[in-house]
Amino acid sequence: MSKTDTWTDSRLEQLRYQADQPADEAMAHILANKGKEEAYRIFDLLIRNIEMPSNQLPSELQPFFEATQSLPSFADEDAIAEAHRFFLDHGAKCLFLLYYKSLPLLYCISKGAPVLVRTSRLTNEDQSLRIFARRIAETGQFLIDVMTPGELTIRGRGIQSIQKVRLIHAAIRQFLIAEGWDKQGLGLPINQEDMAMTLMTFSVAVLDGLEQFGIHEPPALQEAYFHTWRAIGHNLGVVEELLPDNVAEGRLLMNKILDRQAAASEEGQLLTQSLIDFAQSMLRNEKLAPAPETIIRYLIGTERASLLGLAPKEGCLSIALPHALRALFRLGERLEDKVDGPLDEVLGLLSRQTVKAMVGYFDNYKGRKFQIPQAMQTEWL
């Protein structure tokens with residue numbers, strides 16, 4: 001039996017009641033032995049620091065860190081190096097696609113969206129939509145951390161970011177369950193099916209988005225990028241049976257989960273509205289106000305966009321924008337072969353604005369710069 005044959009509705013439903021045992025056990029130990037106040041202190045440290053705050057964390061977490069400090073044995077160093085070169089070339093566009101394709105697809109998952117809403121409100125008493133934008137910026141920082149050359153190594157920033165995410169997720173599970181989470185109806189918070197879906201949106205959905213904009217990378221390079229995310233997924237605690245072996249299998253799993261779980265939800269629409277509001281604020285152009293909705297509809301399709309409360313609007317922008325963006329990306333790809341340095345006017349106007357908005361958001365919230373390696377800044381900004 002192939003791995004894909006195991007992705008039945010019944011098995012995927014079972015995996016909604018399975019989470020991340022090593023991380024859950026580490027946080028459960030803190031709760032049992034040091035109390036809820038200490039668990040919240042650790043949670044707050046992890047979400048408010050870009051770097052791992054190692055000297056402020058209890059020694060009880062050290063076994064978890066040691067057990068998760070390196071990539072799995074199947075990780076191919078050459079493929080990872082190719083993926084990192086791919087990201088150096090396309091990183092700003094990957095962040096753009098994360099924003100306008102990956103996250104909206106996740107918001108379509110009606111049983112997963114409530115976790116995202118309640119997680120954002122766990123971290124701040126502010127009930128405005130801005131708190132959801134903060135999570136978006138942090139997701140972008142995670143993407144950069146794991147896709148920076150040399151950082152998926154022991155004590156590398158990428159590995160530490162993965163470890164932080166696992167502990168944050170484990171704390172969220174503990175807190176939400178204690179608050180009366182509807183486990184029977186929704187499964188565990190941040191369960192295996194939801195984690196696998198997230199992994200596919202960060203990998204397959206981004207590759208598909210580049211294709212939608214006319215950027216056709218060789219299959220081998222796409223497989224290298226996917227392989228790297230497969231290794232990252234292993235370190236994030238995703239079980240082996242939900243780690244597809246190639247891009248085609250990844251796309252199959254993503255669509256399988258979407259077919260099972262995509263539905264309209266109040267939380268999904270709230271998160272989408274936050275996404276659009278933040279995008280409109282960074283565009284700062286009233287004439288471009290319809291652009292975020294138009295881009296999302298183009299990238300995820302009108303049927304799924306309707307689940308998020310995005311109905312098609314009249315007007316030439318809605319018709320012309322996707323085609324103009326596709327031409328913009330294609331032109332940039334041709335020019336990149338001939339021009340050294342960043343393409344200020346041609347490639348990535350919206351991509352650069354997305355990155356700069358995330359940078360600005362971190363400045364205000366964490367008092368620290370959104371950290372982009374110098375080589376990436378040269379290419380993107």
# chains A, B, ... in the order shown; residues from 1 in each chain; ligands from 1

call {"tool": "residues_around", "arguments": {"residues": "Trp181 (chain A)", "least_positions_apart": "6", "cutoff": "12 Å", "atoms": "only C-alpha atoms", "output": "PyMOL selection string"}}
result
chain A and resi 111+114-115+118-119+172-175+187-190

call {"tool": "closest_atom_pairs", "arguments": {"of": "region 127-185 of chain A", "to": "region 225-232 of chain A", "cutoff": "9 Å", "atoms": "only C-alpha atoms", "output": "Markdown table"}}
result
| residue | atom | partner | partner_atom | distance |
| --- | --- | --- | --- | --- |
| A:Val146 | CA | A:Ile232 | CA | 7.9 |
| A:Met147 | CA | A:Thr228 | CA | 8.9 |
| A:Leu152 | CA | A:Ile232 | CA | 8.6 |
| A:Ile159 | CA | A:Ile232 | CA | 8.6 |
| A:Ile162 | CA | A:Ile232 | CA | 7.7 |

call {"tool": "residues_around", "arguments": {"residues": "Ala170 (chain A)", "least_positions_apart": "6", "cutoff": "7 Å", "atoms": "only C-alpha atoms", "output": "ChimeraX atom specification"}}
result
/A:23-24,27

call {"tool": "closest_residue", "arguments": {"among": "A:Pro312, A:Gly91, A:Gly112, A:Pro53", "to": "Leu207 (chain A)", "atoms": "only C-alpha atoms"}}
result
A:Gly91

call {"tool": "closest_residue", "arguments": {"among": "A:Glu37, A:Asp277, A:Asp194, A:Asp5", "to": "Tyr107 (chain A)", "atoms": "only C-alpha atoms"}}
result
A:Asp194

call {"tool": "closest_residue", "arguments": {"among": "A:Met52, A:Met195, A:Leu242, A:Val247", "to": "Pro219 (chain A)", "atoms": "only C-alpha atoms"}}
result
A:Val247

call {"tool": "closest_residue", "arguments": {"among": "A:Met376, A:Ile144, A:Ala248, A:Ala39", "to": "Leu98 (chain A)", "atoms": "only C-alpha atoms"}}
result
A:Ile144

call {"tool": "closest_residue", "arguments": {"among": "A:Gln261, A:Ser281, A:Asn255, A:Gln160", "to": "Glu66 (chain A)", "atoms": "only C-alpha atoms"}}
result
A:Gln160

call {"tool": "closest_atom_pairs", "arguments": {"of": "region 59-111 of chain A", "to": "region 289-311 of chain A", "cutoff": "8 Å", "atoms": "only C-alpha atoms", "output": "JSON lines"}}
result
{"residue": "A:Tyr100", "atom": "CA", "partner": "A:Ile296", "partner_atom": "CA", "distance": 5.2}
{"residue": "A:Lys101", "atom": "CA", "partner": "A:Leu299", "partner_atom": "CA", "distance": 5.7}
{"residue": "A:Pro104", "atom": "CA", "partner": "A:Ile296", "partner_atom": "CA", "distance": 7.2}
{"residue": "A:Leu105", "atom": "CA", "partner": "A:Ile300", "partner_atom": "CA", "distance": 6.8}
{"residue": "A:Tyr107", "atom": "CA", "partner": "A:Leu308", "partner_atom": "CA", "distance": 7.4}
{"residue": "A:Cys108", "atom": "CA", "partner": "A:Leu307", "partner_atom": "CA", "distance": 6.6}

call {"tool": "residues_around", "arguments": {"residues": "region 11-20 of chain A", "least_positions_apart": "3", "cutoff": "12 Å", "atoms": "only C-alpha atoms", "output": "JSON, numbers by chain"}}
result
{"A": [3, 4, 5, 6, 7, 8, 23, 24, 25, 26, 27, 28, 64, 111, 112, 163, 165, 166, 167, 168, 169, 170, 171, 172, 173, 174, 182, 183, 184, 185, 186, 187, 188, 189, 190, 191, 192, 193, 194, 195, 196, 197, 233, 234, 235, 236, 237, 238, 239, 240, 241, 242, 253, 254, 256, 257, 258, 259, 260, 261]}

call {"tool": "atom_distance", "arguments": {"atom1": "CA of Met200 (chain A)", "atom2": "CA of Gly250 (chain A)"}}
result
6.2 Å

call {"tool": "residues_around", "arguments": {"residues": "Ala83 (chain A)", "least_positions_apart": "2", "cutoff": "7 Å", "atoms": "only C-alpha atoms", "output": "ChimeraX atom specification"}}
result
/A:79-81,85-87,224-225,228

call {"tool": "atom_distance", "arguments": {"atom1": "CA of Val204 (chain A)", "atom2": "CA of Ser161 (chain A)"}}
result
20.9 Å

call {"tool": "select_by_dssp", "arguments": {"residues": "region 99-257 of chain A", "states": "helix (DSSP H, G or I)", "output": "PyMOL selection string"}}
result
chain A and resi 99-107+113-122+130-146+157-178+183-186+192-212+219-235+240-242+247-257

call {"tool": "write_last_selection", "arguments": {"atoms": "C-alpha atoms", "output": "CSV table (one decimal), in the first residue's frame"}}
result
chain,number,residue,atom,x,y,z
A,99,TYR,CA,-0.1,36.2,2.4
A,100,TYR,CA,-2.5,36.0,-0.6
A,101,LYS,CA,-2.7,32.2,-1.2
A,102,SER,CA,-1.4,30.1,1.7
A,103,LEU,CA,-3.1,31.8,4.5
A,104,PRO,CA,-6.5,32.2,2.8
A,105,LEU,CA,-6.4,28.5,2.0
A,106,LEU,CA,-5.8,27.8,5.7
A,107,TYR,CA,-8.7,30.1,6.6
A,113,ALA,CA,-9.7,28.6,11.8
A,114,PRO,CA,-11.1,28.8,15.4
A,115,VAL,CA,-7.6,27.9,16.7
A,116,LEU,CA,-6.1,30.8,14.8
A,117,VAL,CA,-8.6,33.3,16.2
A,118,ARG,CA,-8.3,32.1,19.8
A,119,THR,CA,-4.5,31.8,19.6
A,120,SER,CA,-4.2,35.4,18.5
A,121,ARG,CA,-6.4,36.5,21.4
A,122,LEU,CA,-4.5,34.4,23.9
A,130,ARG,CA,-4.6,44.1,14.2
A,131,ILE,CA,-3.7,41.2,16.5
A,132,PHE,CA,-4.2,38.8,13.6
A,133,ALA,CA,-1.9,40.8,11.4
A,134,ARG,CA,0.8,40.3,14.1
A,135,ARG,CA,0.6,36.5,13.6
A,136,ILE,CA,0.9,37.0,9.9
A,137,ALA,CA,4.2,38.9,10.3
A,138,GLU,CA,5.5,36.2,12.7
A,139,THR,CA,4.7,33.6,10.1
A,140,GLY,CA,6.7,35.5,7.5
A,141,GLN,CA,9.7,35.7,9.9
A,142,PHE,CA,9.5,31.9,10.4
A,143,LEU,CA,9.6,31.4,6.6
A,144,ILE,CA,12.7,33.5,6.4
A,145,ASP,CA,14.4,31.8,9.3
A,146,VAL,CA,14.0,28.3,7.9
A,157,ARG,CA,18.0,30.1,13.6
A,158,GLY,CA,15.8,27.9,11.5
A,159,ILE,CA,16.0,24.9,13.9
A,160,GLN,CA,15.4,27.2,16.9
A,161,SER,CA,12.4,28.8,15.1
A,162,ILE,CA,10.9,25.3,14.5
A,163,GLN,CA,11.5,24.4,18.2
A,164,LYS,CA,9.8,27.6,19.3
A,165,VAL,CA,6.8,26.9,17.1
A,166,ARG,CA,6.4,23.4,18.5
A,167,LEU,CA,6.5,24.6,22.1
A,168,ILE,CA,4.1,27.5,21.4
A,169,HIS,CA,1.7,25.1,19.8
A,170,ALA,CA,1.9,22.7,22.7
A,171,ALA,CA,1.2,25.6,25.1
A,172,ILE,CA,-1.8,26.7,23.0
A,173,ARG,CA,-3.2,23.1,23.2
A,174,GLN,CA,-2.8,23.0,26.9
A,175,PHE,CA,-4.5,26.5,27.4
A,176,LEU,CA,-7.4,26.0,25.0
A,177,ILE,CA,-8.2,22.5,26.3
A,178,ALA,CA,-8.3,23.9,29.8
A,183,LYS,CA,-12.4,18.5,21.2
A,184,GLN,CA,-15.2,16.3,20.0
A,185,GLY,CA,-16.4,18.6,17.3
A,186,LEU,CA,-13.0,20.1,16.2
A,192,GLN,CA,-1.9,16.4,12.8
A,193,GLU,CA,-4.3,17.1,9.9
A,194,ASP,CA,-4.2,20.8,10.4
A,195,MET,CA,-0.4,20.8,10.7
A,196,ALA,CA,-0.1,18.8,7.5
A,197,MET,CA,-2.4,21.2,5.7
A,198,THR,CA,-0.3,24.1,6.9
A,199,LEU,CA,2.9,22.4,5.7
A,200,MET,CA,1.3,21.9,2.2
A,201,THR,CA,0.2,25.5,2.0
A,202,PHE,CA,3.8,26.7,2.7
A,203,SER,CA,5.2,24.4,0.1
A,204,VAL,CA,2.9,23.2,-2.6
A,205,ALA,CA,0.6,26.2,-2.6
A,206,VAL,CA,3.6,28.6,-3.0
A,207,LEU,CA,4.9,26.5,-5.9
A,208,ASP,CA,1.4,26.5,-7.5
A,209,GLY,CA,1.1,30.3,-7.0
A,210,LEU,CA,4.4,30.9,-8.8
A,211,GLU,CA,3.0,28.8,-11.7
A,212,GLN,CA,-0.2,30.9,-11.7
A,219,PRO,CA,10.6,20.1,-11.7
A,220,ALA,CA,13.9,19.1,-10.0
A,221,LEU,CA,14.1,22.5,-8.3
A,222,GLN,CA,10.5,22.4,-7.2
A,223,GLU,CA,11.1,18.9,-5.7
A,224,ALA,CA,14.2,20.3,-3.8
A,225,TYR,CA,12.0,23.0,-2.3
A,226,PHE,CA,9.3,20.5,-1.4
A,227,HIS,CA,11.9,18.1,0.1
A,228,THR,CA,13.2,20.8,2.3
A,229,TRP,CA,9.7,21.5,3.6
A,230,ARG,CA,9.2,17.8,4.1
A,231,ALA,CA,12.3,17.8,6.4
A,232,ILE,CA,11.0,20.9,8.2
A,233,GLY,CA,7.6,19.2,8.6
A,234,HIS,CA,9.3,16.3,10.3
A,235,ASN,CA,11.0,18.7,12.8
A,240,GLU,CA,5.6,10.4,8.7
A,241,GLU,CA,2.4,9.2,7.1
A,242,LEU,CA,1.5,12.9,6.5
A,247,VAL,CA,5.1,17.6,-5.0
A,248,ALA,CA,2.4,15.6,-6.7
A,249,GLU,CA,1.6,13.7,-3.5
A,250,GLY,CA,1.7,16.9,-1.5
A,251,ARG,CA,-0.8,18.5,-3.9
A,252,LEU,CA,-3.0,15.4,-3.5
A,253,LEU,CA,-2.9,15.6,0.3
A,254,MET,CA,-3.6,19.3,0.3
A,255,ASN,CA,-6.7,18.9,-2.0
A,256,LYS,CA,-7.9,15.9,0.0
A,257,ILE,CA,-7.9,18.0,3.2

call {"tool": "atom_distance", "arguments": {"atom1": "CA of Gly156 (chain A)", "atom2": "CA of Pro72 (chain A)"}}
result
14.8 Å

call {"tool": "closest_residue", "arguments": {"among": "A:Ile276, A:Glu179, A:Gly150, A:Ala263", "to": "Asp78 (chain A)", "atoms": "only C-alpha atoms"}}
result
A:Gly150
